[in-house]
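Colleague: CSV, C-alpha atoms and all ligand atoms, file my_file_12.csv:
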chain,number,residue,atom,x,y,z
A,257,MET,CA,24.7,16.9,23.9
A,258,ASN,CA,24.1,19.6,21.4
A,259,PRO,CA,22.0,18.2,18.5
A,260,THR,CA,22.7,21.2,16.2
A,261,GLU,CA,26.4,20.4,16.5
A,262,ILE,CA,25.6,16.8,15.4
A,263,LEU,CA,23.6,18.1,12.4
A,264,LEU,CA,26.5,20.3,11.5
A,265,GLN,CA,28.8,17.3,11.2
A,266,TYR,CA,26.8,16.3,8.1
A,267,TYR,CA,25.2,19.6,6.9
A,268,ASN,CA,26.6,22.9,5.6
A,269,PRO,CA,25.3,25.8,7.7
A,270,GLY,CA,24.8,28.0,4.7
A,271,ASP,CA,22.8,25.5,2.7
A,272,ASP,CA,19.0,25.8,2.0
A,273,LEU,CA,18.7,22.1,3.1
A,274,PHE,CA,20.2,22.9,6.5
A,275,ALA,CA,17.9,25.9,7.0
A,276,ILE,CA,14.8,23.7,6.2
A,277,LEU,CA,16.0,20.9,8.5
A,278,LEU,CA,16.8,23.2,11.3
A,279,ILE,CA,13.5,25.1,11.2
A,280,HIS,CA,11.5,21.9,10.8
A,281,SER,CA,13.3,20.2,13.6
A,282,ARG,CA,12.8,23.1,16.0
A,283,MET,CA,9.1,23.3,15.2
A,284,VAL,CA,8.7,19.6,15.9
A,285,ALA,CA,10.8,19.9,19.1
A,286,ALA,CA,8.8,22.9,20.3
A,287,LYS,CA,5.5,21.1,19.7
A,288,ALA,CA,6.6,17.9,21.3
A,289,LEU,CA,7.9,19.7,24.4
A,290,ASN,CA,4.7,21.8,24.6
A,291,ILE,CA,2.5,18.7,24.6
A,292,ALA,CA,4.7,17.0,27.2
A,293,ARG,CA,4.5,20.0,29.5
A,294,ARG,CA,0.7,20.6,29.0
A,295,LYS,CA,-0.2,17.0,29.5
A,296,GLY,CA,2.3,16.5,32.3
A,297,LEU,CA,3.7,13.5,30.5
A,298,ASP,CA,6.3,11.3,32.2
A,299,VAL,CA,8.9,11.7,29.6
A,300,ASP,CA,12.6,12.6,29.4
A,301,LEU,CA,12.3,16.2,28.2
A,302,ASP,CA,16.1,16.5,27.3
A,303,PHE,CA,15.8,13.4,25.2
A,304,VAL,CA,12.6,14.6,23.5
A,305,TYR,CA,14.4,17.8,22.5
A,306,GLU,CA,17.5,16.1,21.3
A,307,ALA,CA,15.7,13.3,19.4
A,308,ALA,CA,13.2,15.8,17.8
A,309,MET,CA,16.1,17.9,16.6
A,310,LEU,CA,17.8,14.8,15.1
A,311,HIS,CA,14.8,12.8,13.8
A,312,ASP,CA,15.2,13.8,10.2
A,313,ILE,CA,19.0,13.8,10.0
A,314,GLY,CA,18.9,11.1,7.4
A,315,ILE,CA,17.2,13.2,4.7
A,316,ILE,CA,20.6,14.3,3.4
A,317,HIS,CA,21.0,10.8,1.8
A,318,THR,CA,17.6,10.9,0.0
A,319,ASP,CA,16.6,11.9,-3.5
A,320,ALA,CA,14.1,14.7,-2.8
A,321,PRO,CA,15.2,17.7,-4.9
A,322,GLY,CA,12.1,19.7,-3.9
A,323,ILE,CA,13.6,20.1,-0.4
A,324,HIS,CA,17.2,20.3,-1.7
A,325,CYS,CA,18.1,16.7,-0.9
A,326,HIS,CA,20.3,15.3,-3.6
A,327,GLY,CA,21.2,11.8,-2.4
A,328,SER,CA,20.3,8.5,-4.0
A,329,GLU,CA,18.0,6.8,-1.4
A,330,PRO,CA,14.2,6.9,-1.7
A,331,TYR,CA,12.8,9.5,0.7
A,332,ILE,CA,10.9,6.8,2.7
A,333,ARG,CA,14.3,5.5,3.8
A,334,HIS,CA,15.3,8.8,5.6
A,335,GLY,CA,14.4,7.3,8.9
A,336,VAL,CA,16.6,4.2,8.6
A,337,MET,CA,19.4,6.3,7.1
A,338,GLY,CA,19.2,8.6,10.0
A,339,ALA,CA,19.1,5.7,12.4
A,340,ASP,CA,22.4,4.3,10.9
A,341,MET,CA,24.0,7.7,11.2
A,342,LEU,CA,23.1,8.1,14.9
A,343,ARG,CA,24.1,4.5,15.8
A,344,HIS,CA,27.5,5.3,14.4
A,345,LEU,CA,27.6,8.1,17.0
A,346,GLY,CA,26.5,5.7,19.7
A,347,LEU,CA,23.1,7.4,20.0
A,348,TYR,CA,21.0,4.2,20.0
A,349,ARG,CA,17.9,5.5,21.7
A,350,HIS,CA,17.8,8.6,19.4
A,351,ALA,CA,18.2,6.2,16.4
A,352,LEU,CA,15.0,4.5,17.2
A,353,VAL,CA,13.1,7.8,17.0
A,354,CYS,CA,14.5,8.2,13.5
A,355,GLU,CA,13.4,4.9,12.2
A,356,ARG,CA,10.0,4.8,13.9
A,357,HIS,CA,8.7,8.3,13.1
A,358,THR,CA,7.6,8.0,9.5
A,359,GLY,CA,3.9,8.3,8.9
A,360,ALA,CA,2.2,6.9,12.0
A,361,GLY,CA,4.8,4.2,12.0
A,362,ILE,CA,5.1,1.5,9.3
A,363,THR,CA,4.3,-2.2,9.7
A,364,ARG,CA,6.0,-5.2,8.3
A,365,GLN,CA,2.8,-6.0,6.5
A,366,GLN,CA,2.6,-2.5,4.9
A,367,ILE,CA,6.2,-2.9,3.7
A,368,LYS,CA,5.3,-6.3,2.2
A,369,ASP,CA,2.0,-5.3,0.7
A,370,ASN,CA,3.4,-2.1,-0.9
A,371,SER,CA,6.9,-3.4,-1.7
A,372,LEU,CA,8.4,-0.5,0.2
A,373,PRO,CA,12.2,-0.3,0.1
A,374,LEU,CA,12.6,-1.1,3.8
A,375,ASP,CA,13.6,-4.3,5.7
A,376,GLN,CA,10.5,-6.4,6.4
A,377,LYS,CA,10.0,-5.5,10.1
A,378,ASP,CA,7.8,-3.2,12.1
A,379,TYR,CA,8.9,0.4,12.4
A,380,LEU,CA,6.3,1.5,15.0
A,381,PRO,CA,6.9,4.1,17.7
A,382,ILE,CA,6.9,2.3,21.0
A,383,SER,CA,8.1,4.5,23.8
A,384,THR,CA,6.1,7.6,24.8
A,385,GLU,CA,8.9,9.8,23.6
A,386,GLU,CA,8.9,8.0,20.2
A,387,LYS,CA,5.2,8.4,19.9
A,388,LEU,CA,5.3,12.0,20.9
A,389,ILE,CA,7.9,13.0,18.3
A,390,CYS,CA,6.1,10.9,15.6
A,391,TYR,CA,2.9,12.8,16.4
A,392,ALA,CA,4.4,16.3,16.6
A,393,ASP,CA,6.2,15.7,13.3
A,394,LYS,CA,2.9,15.2,11.5
A,395,TYR,CA,2.0,18.9,12.1
A,396,TYR,CA,4.9,20.3,10.2
A,397,SER,CA,6.0,20.1,6.6
A,398,LYS,CA,9.4,20.5,5.1
A,399,SER,CA,8.0,21.9,1.9
A,400,GLY,CA,5.8,24.9,1.7
A,401,SER,CA,5.4,26.7,5.0
A,402,LEU,CA,7.8,25.4,7.6
A,403,ILE,CA,6.4,27.3,10.5
A,404,HIS,CA,2.6,26.9,10.2
A,405,GLU,CA,0.9,23.9,11.8
A,406,LYS,CA,-1.0,21.7,9.4
A,407,PRO,CA,-4.7,21.5,10.2
A,408,TYR,CA,-5.6,18.2,11.8
A,409,GLU,CA,-8.0,17.4,9.0
A,410,ARG,CA,-5.2,17.7,6.4
A,411,ILE,CA,-3.0,15.3,8.4
A,412,LEU,CA,-5.9,12.8,8.6
A,413,LYS,CA,-6.3,13.0,4.9
A,414,SER,CA,-2.6,12.4,4.3
A,415,MET,CA,-2.8,9.4,6.6
A,416,GLU,CA,-5.7,7.9,4.6
A,417,LYS,CA,-3.4,7.6,1.6
A,418,PHE,CA,-1.4,4.9,3.4
A,419,GLY,CA,-4.5,2.9,4.4
A,420,SER,CA,-7.0,2.8,7.3
A,421,GLU,CA,-4.6,1.3,9.8
A,422,ASN,CA,-2.5,4.4,9.5
A,423,VAL,CA,-5.5,6.5,10.3
A,424,THR,CA,-6.2,4.3,13.3
A,425,ARG,CA,-2.7,4.6,14.6
A,426,PHE,CA,-2.7,8.4,14.1
A,427,LEU,CA,-6.0,8.7,15.9
A,428,GLN,CA,-4.5,6.7,18.8
A,429,LEU,CA,-1.6,9.2,19.0
A,430,HIS,CA,-4.1,12.1,18.8
A,431,GLU,CA,-6.1,10.6,21.6
A,432,MET,CA,-2.9,10.4,23.7
A,433,PHE,CA,-1.5,13.9,23.0
A,434,SER,CA,-4.3,16.3,21.9
B,1,FE,FE,10.1,15.4,10.5
Please lay out the structure from this file as structure tokens.
Ligand SMILES: [Fe+2]
Modeller:
Amino acid sequence: MNPTEILLQYYNPGDDLFAILLIHSRMVAAKALNIARRKGLDVDLDFVYEAAMLHDIGIIHTDAPGIHCHGSEPYIRHGVMGADMLRHLGLYRHALVCERHTGAGITRQQIKDNSLPLDQKDYLPISTEEKLICYADKYYSKSGSLIHEKPYERILKSMEKFGSENVTRFLQLHEMFS
């Protein structure tokens, strides 16, 4: 499967949005594969590459003009939107990466407490591949510099905004993959 061809079913190759998505996804895929090889993780490397390339496919449906997304959905729904798109293509395992990669995962309780526009269920990365892509994604932005890794301290700070349990989950991922 060629994930870039799948992206091109929804994105125009000349658009700024596609350029941002492609660079971001490649950076995340490279970091995830690097970690997998360095740590000798027992993961499906082809799947890690494909799912990392597709994890943000849903951003096209969101309202985030700063990164050239002109849809109507709140940005936090990009994971579930992407998961729907991939399920339509029969990519059920890849779809789970989409809906479980936001933040350090999102719990049913966080959704309830913060009235987030998501179904009330847990969206936590479960498989090693899901956790790895979720972790690698935290190091790259889609605004500002796309190619420079965020410093670990900055990622931690951004996790704090969503509460201490997010920090704890990120630290668990860091423990696994750093
Ligand atoms: Fe991402």
Colleague: Check every protein, DNA and RNA residue against ligand FE 1 (chain B), keep those with an atom at most 8 Å away (counting all atoms listed in the file), and present them as a list in words.
Modeller: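 What falls inside 8 Å of ligand FE 1 (chain B) is His280, Ser281, Val284, Ala308, His311, Asp312, His357, Thr358, Cys390, Asp393, Lys394, Tyr396, Ser397 and Lys398 of chain A.
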Colleague: With only C-alpha atoms as the counted atoms, please give the residues lying no more than 9 Å from Ile313 in chain A, apart from itself and same-chain residues fewer than 4 positions off, as number ranges by chain.
Modeller: A: 263, 266, 277, 309, 317, 334-335, 337-339, 341-342, 354
Colleague: Taking 5 positions as the minimum chain separation for residues in the same chain, which residues sit within 10 Å of Thr363 in chain A when counting all atoms listed in the file? Answer as number ranges by chain.
Modeller: A: 356, 368-369, 376-380, 421-422
Colleague: Could you tell me how far CA of Glu355 in chain A lies from CA of Lys413 in chain A, in Å and to one decimal?
Modeller: 22.5 Å
Colleague: Under the rule that all atoms listed in the file are counted, which of A:Ala351, A:Leu278, A:Ala360, A:Met432 is the nearest residue to Ser414 in chain A?
Modeller: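 Looking at the shortest contact to Ser414 in chain A, the residue is A:Ala360.
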Colleague: Looking at A:Ala392, A:Leu273, A:Val299, A:Ile316, which one is nearest to His430 in chain A, with distances taken over all atoms listed in the file?
Modeller: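 Among the listed residues, the smallest separation from His430 in chain A belongs to A:Ala392.
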Colleague: Hey, can you check how far CA of Ala292 in chain A sits from CA of Leu388 in chain A?
Modeller: 8.1 Å
Colleague: To one decimal place in Å, what is the distance between CA of Thr384 in chain A and CA of Arg410 in chain A?
Modeller: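 Taking CA of Thr384 in chain A and CA of Arg410 in chain A, their separation equals 23.8 Å.
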Colleague: Write out as JSON, numbers by chain each polymer residue whose atoms come within 7 Å of Glu329 in chain A, counting only C-alpha atoms; drop sequence neighbours fewer than 4 positions from it.
Modeller: {"A": [317, 318, 319, 333]}
Colleague: Those same residues, written as a compact mmCIF listing (two decimals), in the frame of the given file with C-alpha atoms?
Modeller:
# COMPACT_ATOMS: atom_id res chain seq x y z
CA HIS A 317 21.00 10.80 1.80
CA THR A 318 17.60 10.90 0.00
CA ASP A 319 16.60 11.90 -3.50
CA ARG A 333 14.30 5.50 3.80
Colleague: Check the smallest atom-to-atom distance from each of A:Pro321, A:Pro407, A:Glu386, A:Leu352 to Leu301 in chain A using all atoms listed in the file, then report the winner.
Modeller: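 For Leu301 in chain A, the nearest of the candidates is A:Glu386.
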